[in-house]
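Below is one structure, written out as structure tokens; comments come after it.
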Amino acid sequence: MTKAPFVLIVEDDEWVAEQLARTLNGVGIRTEHAPHALAAIDMIDALPPAAIVLDVLLAGPNAFTLLHELKSHSDLADLPVILCTASADQLVQEDLSAYGVRQVLDKATMMPDDLVVAVRKVLP
Amino acid sequence: MSFLVTAAHELKAPLALIRQLALSLETDLGAQGERERMLRQIVLVSERSLRLTTDLSRTSRLDDSLFELEPLNPQQICEEVAHELEPLYKAKGREIRASSRYRPILAVANRDLLRRILLNFGDNALHYAEGNTPVELRAATFENGKKIRLGVRDYGPAVPVDVWKRLKTSLGTETQVLHARPQSSGLGLYVAGQFAGAMNGEIGATRHRDGATFYVDVMASRQLSLL
């Protein structure tokens with residue numbers, strides 16, 4: 001895994017993950033990919049990312065399991081999270097803020113630049 | 001109405017990916033190899049989505065139609081499905097194969113519906129399977145040769161017990177939110193259950209420590225035993 005600051009993409013569809021990485025890598029933002037929440041927890045334990053781009057419905061434990069896990073660790077509680085989901089219309093941003101979710105992107109309507117802007121906004 | 005919402009959600013995810021890929025192709029000249037890969041992904045994701053739309057339209061006509069049942073070789077069906085899904089699996093760096101049988105067996109089923117059930121299971125397994133272990137399609141007899149089970153075995157993280165219990169309760173009879181399994185709504189499994197019912201068969205699933213087998217049971221043909 002790279003030691004430079006990176007964004008962790010947690011997404012169970014590898015082609016969606018690849019597309020998100022392609023978009024971010026294209027503007028010089030480094031990425032790593034975790035296919036499910038458990039892998040993400042392992043990767044974050046090894047080296048915390050600068051931000052997380054997180055799908056909601058994942059194979060195995062869903063995004064909220066990961067969000068709860070992050071909140072339970074003081075050193076990770078403030079890790080910025082961007083939800084990137086096809087179920088954005090069912091989520092309420094205010095309810096998610098407590099989990100460190102800075103923005104919700106709707107996969108169905110977002111433009112590639114929206115992801116870049118959202119990530120740049122939360123990067124240190 | 002919930003069925004429509006589920007179906008809409010199932011189609012939303014692949015359409016969203018196709019749109020993202022198209023937007024990138026529109027604005028990014030990129031390397032030729034990368035563009036070809038993205039175009040290939042658009043084709044394969046589209047084909048997978050079209051399979052779902054065909055299944056949905058066929059499901060709505062099940063009540064009005066009689067599906068011809070015929071003796072057919074389940075091993076051959078497994079091989080056909082593995083062959084049809086191979087490009088999608090290959091594009092994702094995975095492998096699918098049909099296990100070979102020594103003794104021939106014959107099932108009584110509708111070829112098209114049986115294929116579609118296995119394609120659904122195969123799509124399901126692709127999303128869920130991990131690592132380099134191939135997904136396997138297998139046909140076998142049980143109940144002293146009276147029935148034939150065609151199964152798709154995948155290897156991935158075990159499904160949590162509570163999720164599995166919910167799945168088993170409503171498998172193939174209703175759509176369900178199933179976060180620990182692919183397609184998340186269980187729509188593909190619902191469709192498979194409807195198709196199996198139209199052939200007097202049924203679908204089921206077996207949980208393994210390292211994955212799952214989704215299967216369809218149909219009647220065995222007695223023709224071979226008469227030879």
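Identifiers in this document derive from the order of the structure tokens: chains are assigned A, B, ..., residues are numbered from 1 separately in each chain, and ligands are numbered from 1 in order of occurrence.
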
Chain B contacts on chain A, only C-alpha atoms, 7 Å, as an mmCIF file with C-alpha atoms, in the first residue's frame:
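And here is the file that came out, out.cif:
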data_model
loop_
_atom_site.group_PDB
_atom_site.id
_atom_site.type_symbol
_atom_site.label_atom_id
_atom_site.label_comp_id
_atom_site.auth_asym_id
_atom_site.auth_seq_id
_atom_site.Cartn_x
_atom_site.Cartn_y
_atom_site.Cartn_z
ATOM 1 C CA VAL A 16 -17.502 1.262 -10.348
ATOM 2 C CA LEU A 57 -24.864 -1.261 -0.046
ATOM 3 C CA LEU A 58 -21.841 -3.496 0.139
ATOM 4 C CA ALA A 59 -21.303 -7.230 0.067
ATOM 5 C CA GLY A 60 -21.233 -8.240 3.733
ATOM 6 C CA PRO A 61 -21.564 -5.532 6.386
ATOM 7 C CA ASN A 62 -22.851 -2.310 4.870
ATOM 8 C CA ALA A 86 -27.300 4.882 -6.019
ATOM 9 C CA LYS A 107 -24.156 7.837 -8.635
ATOM 10 C CA ALA A 108 -27.041 8.268 -11.015
#

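Note that DSSP on the backbone gives strand (DSSP E) to these residues of stretch 3-118 of chain A: A:Val7, A:Leu8, A:Ile9, A:Val10, A:Thr31, A:Glu32, A:His33, A:Ala34, A:Ala51, A:Ile52, A:Val53, A:Leu54, A:Val81, A:Ile82, A:Leu83, A:Cys84, A:Thr85, A:Val101, A:Arg102, A:Gln103, A:Val104, A:Leu105, A:Asp106.
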
Resulting file, chosen residues, C-alpha atoms, as a PDB file, in the first residue's frame:
ATOM      1  CA  VAL A   7      -8.305   8.263  -0.719  1.00  0.00           C
ATOM      2  CA  LEU A   8      -9.802   4.893   0.155  1.00  0.00           C
ATOM      3  CA  ILE A   9     -12.607   3.806  -2.180  1.00  0.00           C
ATOM      4  CA  VAL A  10     -14.912   1.280  -0.517  1.00  0.00           C
ATOM      5  CA  THR A  31      -6.481   5.966  -4.367  1.00  0.00           C
ATOM      6  CA  GLU A  32      -6.706   2.515  -2.834  1.00  0.00           C
ATOM      7  CA  HIS A  33      -9.645   0.156  -3.142  1.00  0.00           C
ATOM      8  CA  ALA A  34     -11.400  -2.005  -0.547  1.00  0.00           C
ATOM      9  CA  ALA A  51     -10.570  10.485   3.098  1.00  0.00           C
ATOM     10  CA  ILE A  52     -12.986   7.700   2.282  1.00  0.00           C
ATOM     11  CA  VAL A  53     -15.342   7.416  -0.685  1.00  0.00           C
ATOM     12  CA  LEU A  54     -17.926   4.919   0.485  1.00  0.00           C
ATOM     13  CA  VAL A  81     -16.308  10.309   4.443  1.00  0.00           C
ATOM     14  CA  ILE A  82     -18.082  10.922   1.144  1.00  0.00           C
ATOM     15  CA  LEU A  83     -20.958   8.581   0.444  1.00  0.00           C
ATOM     16  CA  CYS A  84     -21.251   7.673  -3.205  1.00  0.00           C
ATOM     17  CA  THR A  85     -24.405   5.665  -3.707  1.00  0.00           C
ATOM     18  CA  VAL A 101     -20.201  12.058   6.285  1.00  0.00           C
ATOM     19  CA  ARG A 102     -19.324  15.321   4.584  1.00  0.00           C
ATOM     20  CA  GLN A 103     -21.271  14.837   1.378  1.00  0.00           C
ATOM     21  CA  VAL A 104     -23.592  12.397  -0.362  1.00  0.00           C
ATOM     22  CA  LEU A 105     -23.102  11.898  -4.086  1.00  0.00           C
ATOM     23  CA  ASP A 106     -25.788  10.268  -6.206  1.00  0.00           C
TER      24      ASP A 106
END

*Could you give me, as a PyMOL selection string, each residue of chain A that DSSP assigns to helix (DSSP H, G or I) when run on this structure's backbone?*
chain A and resi 14-25+37-46+63-71+88-90+93-97+112-122

Saved selection, atoms kept: C-alpha atoms, as a PDB file, in the first residue's frame:
ATOM      1  CA  GLU A  14     -14.997  -3.383  -9.006  1.00  0.00           C
ATOM      2  CA  TRP A  15     -15.829  -1.572 -12.228  1.00  0.00           C
ATOM      3  CA  VAL A  16     -17.502   1.262 -10.348  1.00  0.00           C
ATOM      4  CA  ALA A  17     -14.458   1.382  -8.063  1.00  0.00           C
ATOM      5  CA  GLU A  18     -12.199   1.423 -11.097  1.00  0.00           C
ATOM      6  CA  GLN A  19     -14.178   4.294 -12.592  1.00  0.00           C
ATOM      7  CA  LEU A  20     -14.041   6.327  -9.370  1.00  0.00           C
ATOM      8  CA  ALA A  21     -10.304   5.695  -9.124  1.00  0.00           C
ATOM      9  CA  ARG A  22      -9.854   6.646 -12.781  1.00  0.00           C
ATOM     10  CA  THR A  23     -11.577   9.964 -12.139  1.00  0.00           C
ATOM     11  CA  LEU A  24      -9.538  10.772  -9.041  1.00  0.00           C
ATOM     12  CA  ASN A  25      -6.232   9.467 -10.395  1.00  0.00           C
ATOM     13  CA  ALA A  37     -16.263  -2.975   4.827  1.00  0.00           C
ATOM     14  CA  LEU A  38     -14.115  -5.622   6.526  1.00  0.00           C
ATOM     15  CA  ALA A  39     -11.286  -5.134   4.050  1.00  0.00           C
ATOM     16  CA  ALA A  40     -11.646  -1.384   4.522  1.00  0.00           C
ATOM     17  CA  ILE A  41     -11.270  -1.714   8.304  1.00  0.00           C
ATOM     18  CA  ASP A  42      -8.089  -3.759   7.837  1.00  0.00           C
ATOM     19  CA  MET A  43      -6.662  -1.232   5.394  1.00  0.00           C
ATOM     20  CA  ILE A  44      -7.548   1.730   7.617  1.00  0.00           C
ATOM     21  CA  ASP A  45      -5.923  -0.038  10.570  1.00  0.00           C
ATOM     22  CA  ALA A  46      -2.750  -0.468   8.540  1.00  0.00           C
ATOM     23  CA  ALA A  63     -21.489   1.229   5.032  1.00  0.00           C
ATOM     24  CA  PHE A  64     -23.010   1.946   8.426  1.00  0.00           C
ATOM     25  CA  THR A  65     -21.011  -0.851  10.027  1.00  0.00           C
ATOM     26  CA  LEU A  66     -17.872   0.860   8.815  1.00  0.00           C
ATOM     27  CA  LEU A  67     -19.118   4.280   9.923  1.00  0.00           C
ATOM     28  CA  HIS A  68     -19.878   2.941  13.409  1.00  0.00           C
ATOM     29  CA  GLU A  69     -16.439   1.358  13.562  1.00  0.00           C
ATOM     30  CA  LEU A  70     -14.767   4.618  12.599  1.00  0.00           C
ATOM     31  CA  LYS A  71     -16.738   6.547  15.205  1.00  0.00           C
ATOM     32  CA  ALA A  88     -28.791   8.844  -2.270  1.00  0.00           C
ATOM     33  CA  ASP A  89     -32.465   9.798  -2.462  1.00  0.00           C
ATOM     34  CA  GLN A  90     -33.152   7.606   0.568  1.00  0.00           C
ATOM     35  CA  GLN A  93     -27.565  14.367   4.998  1.00  0.00           C
ATOM     36  CA  GLU A  94     -28.337  15.734   8.482  1.00  0.00           C
ATOM     37  CA  ASP A  95     -28.621  12.197   9.889  1.00  0.00           C
ATOM     38  CA  LEU A  96     -25.278  11.282   8.404  1.00  0.00           C
ATOM     39  CA  SER A  97     -23.233  14.257   9.566  1.00  0.00           C
ATOM     40  CA  PRO A 112     -17.136  13.040 -12.654  1.00  0.00           C
ATOM     41  CA  ASP A 113     -16.049  16.507 -11.539  1.00  0.00           C
ATOM     42  CA  ASP A 114     -18.498  16.353  -8.618  1.00  0.00           C
ATOM     43  CA  LEU A 115     -16.429  13.571  -7.102  1.00  0.00           C
ATOM     44  CA  VAL A 116     -13.207  15.506  -7.591  1.00  0.00           C
ATOM     45  CA  VAL A 117     -14.669  18.638  -6.019  1.00  0.00           C
ATOM     46  CA  ALA A 118     -16.098  16.690  -3.075  1.00  0.00           C
ATOM     47  CA  VAL A 119     -12.811  14.931  -2.380  1.00  0.00           C
ATOM     48  CA  ARG A 120     -10.673  18.045  -2.757  1.00  0.00           C
ATOM     49  CA  LYS A 121     -12.960  19.846  -0.333  1.00  0.00           C
ATOM     50  CA  VAL A 122     -12.159  17.371   2.447  1.00  0.00           C
TER      51      VAL A 122
END

*asked:* What's around B:Leu69 at 12 Å? Count only C-alpha atoms, leave out sequence neighbours fewer than 4 positions away in its own chain, and write the answer as a PyMOL selection string.
replied: chain B and resi 107-114+196+198-201+218-221

With N, CA and C atoms retained, could you export that selection as a short mmCIF file (atom, residue, chain, number, x, y, z; two decimals), in the first residue's frame?
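That gives us out_13.cif:
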data_model
loop_
_atom_site.label_atom_id
_atom_site.label_comp_id
_atom_site.auth_asym_id
_atom_site.auth_seq_id
_atom_site.Cartn_x
_atom_site.Cartn_y
_atom_site.Cartn_z
N ALA B 107 -32.75 -34.10 -17.61
CA ALA B 107 -33.74 -33.40 -16.79
C ALA B 107 -34.97 -33.12 -17.64
N VAL B 108 -36.11 -32.90 -16.97
CA VAL B 108 -37.31 -32.44 -17.67
C VAL B 108 -37.51 -30.98 -17.30
N ALA B 109 -37.31 -30.11 -18.26
CA ALA B 109 -37.36 -28.68 -17.95
C ALA B 109 -37.56 -27.89 -19.24
N ASN B 110 -37.77 -26.60 -19.07
CA ASN B 110 -37.81 -25.69 -20.22
C ASN B 110 -36.41 -25.12 -20.40
N ARG B 111 -35.86 -25.32 -21.56
CA ARG B 111 -34.46 -24.95 -21.80
C ARG B 111 -34.20 -23.48 -21.51
N ASP B 112 -35.07 -22.62 -22.03
CA ASP B 112 -34.83 -21.19 -21.89
C ASP B 112 -34.93 -20.75 -20.42
N LEU B 113 -35.95 -21.24 -19.73
CA LEU B 113 -36.10 -20.84 -18.33
C LEU B 113 -34.96 -21.36 -17.47
N LEU B 114 -34.55 -22.59 -17.74
CA LEU B 114 -33.46 -23.17 -16.97
C LEU B 114 -32.16 -22.38 -17.19
N ALA B 196 -38.47 -21.20 -11.95
CA ALA B 196 -38.44 -22.58 -11.46
C ALA B 196 -39.86 -23.08 -11.22
N ALA B 198 -42.54 -22.21 -12.69
CA ALA B 198 -43.22 -22.45 -13.98
C ALA B 198 -42.85 -23.81 -14.56
N MET B 199 -41.78 -24.41 -14.03
CA MET B 199 -41.36 -25.73 -14.52
C MET B 199 -41.63 -26.80 -13.45
N ASN B 200 -42.45 -26.46 -12.45
CA ASN B 200 -42.70 -27.36 -11.32
C ASN B 200 -41.42 -27.68 -10.56
N GLY B 201 -40.50 -26.77 -10.59
CA GLY B 201 -39.26 -26.95 -9.86
C GLY B 201 -39.17 -25.93 -8.74
N VAL B 218 -35.14 -29.73 -10.52
CA VAL B 218 -36.18 -30.06 -11.50
C VAL B 218 -36.30 -31.59 -11.56
N MET B 219 -37.36 -32.05 -12.20
CA MET B 219 -37.58 -33.48 -12.29
C MET B 219 -36.56 -34.11 -13.25
N ALA B 220 -36.19 -35.35 -12.93
CA ALA B 220 -35.31 -36.09 -13.85
C ALA B 220 -36.17 -36.81 -14.89
N SER B 221 -35.65 -36.96 -16.08
CA SER B 221 -36.33 -37.72 -17.11
C SER B 221 -36.02 -39.21 -16.92
#

Leaving out B:Ile96 and any residue of its chain fewer than 3 positions from it, which residues lie within 6 Å of it when counting only C-alpha atoms, given as a short mmCIF file (atom, residue, chain, number, x, y, z; two decimals) with N, CA and C atoms, in the first residue's frame?
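Produced file out.cif, reproduced below:
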data_model
loop_
_atom_site.label_atom_id
_atom_site.label_comp_id
_atom_site.auth_asym_id
_atom_site.auth_seq_id
_atom_site.Cartn_x
_atom_site.Cartn_y
_atom_site.Cartn_z
N ALA B 82 -21.98 -21.34 -18.71
CA ALA B 82 -20.59 -20.97 -18.40
C ALA B 82 -19.96 -20.27 -19.61
N PRO B 134 -12.48 -20.56 -9.15
CA PRO B 134 -13.54 -20.45 -10.17
C PRO B 134 -14.92 -20.69 -9.59
N VAL B 135 -15.90 -20.01 -10.16
CA VAL B 135 -17.30 -20.33 -9.87
C VAL B 135 -17.64 -21.59 -10.68
N GLU B 136 -18.34 -22.52 -10.04
CA GLU B 136 -18.60 -23.81 -10.68
C GLU B 136 -20.09 -24.05 -10.87
#

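Atom CA of B:Ala139 lies 17.8 Å from atom CA of B:Asp123.
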
_Rounded to one decimal, what separation in Å do you get between atom CA of B:Gly197 and atom CA of B:Arg61?_
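Atom-to-atom, atom CA of B:Gly197 and atom CA of B:Arg61 are spaced 13.1 Å apart.
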
*Would you mind reading off the distance between atom CA of B:Gln76 and atom CA of B:Ile42, one decimal, in Å?*
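Atom-to-atom, atom CA of B:Gln76 to atom CA of B:Ile42, that is 29.0 Å.
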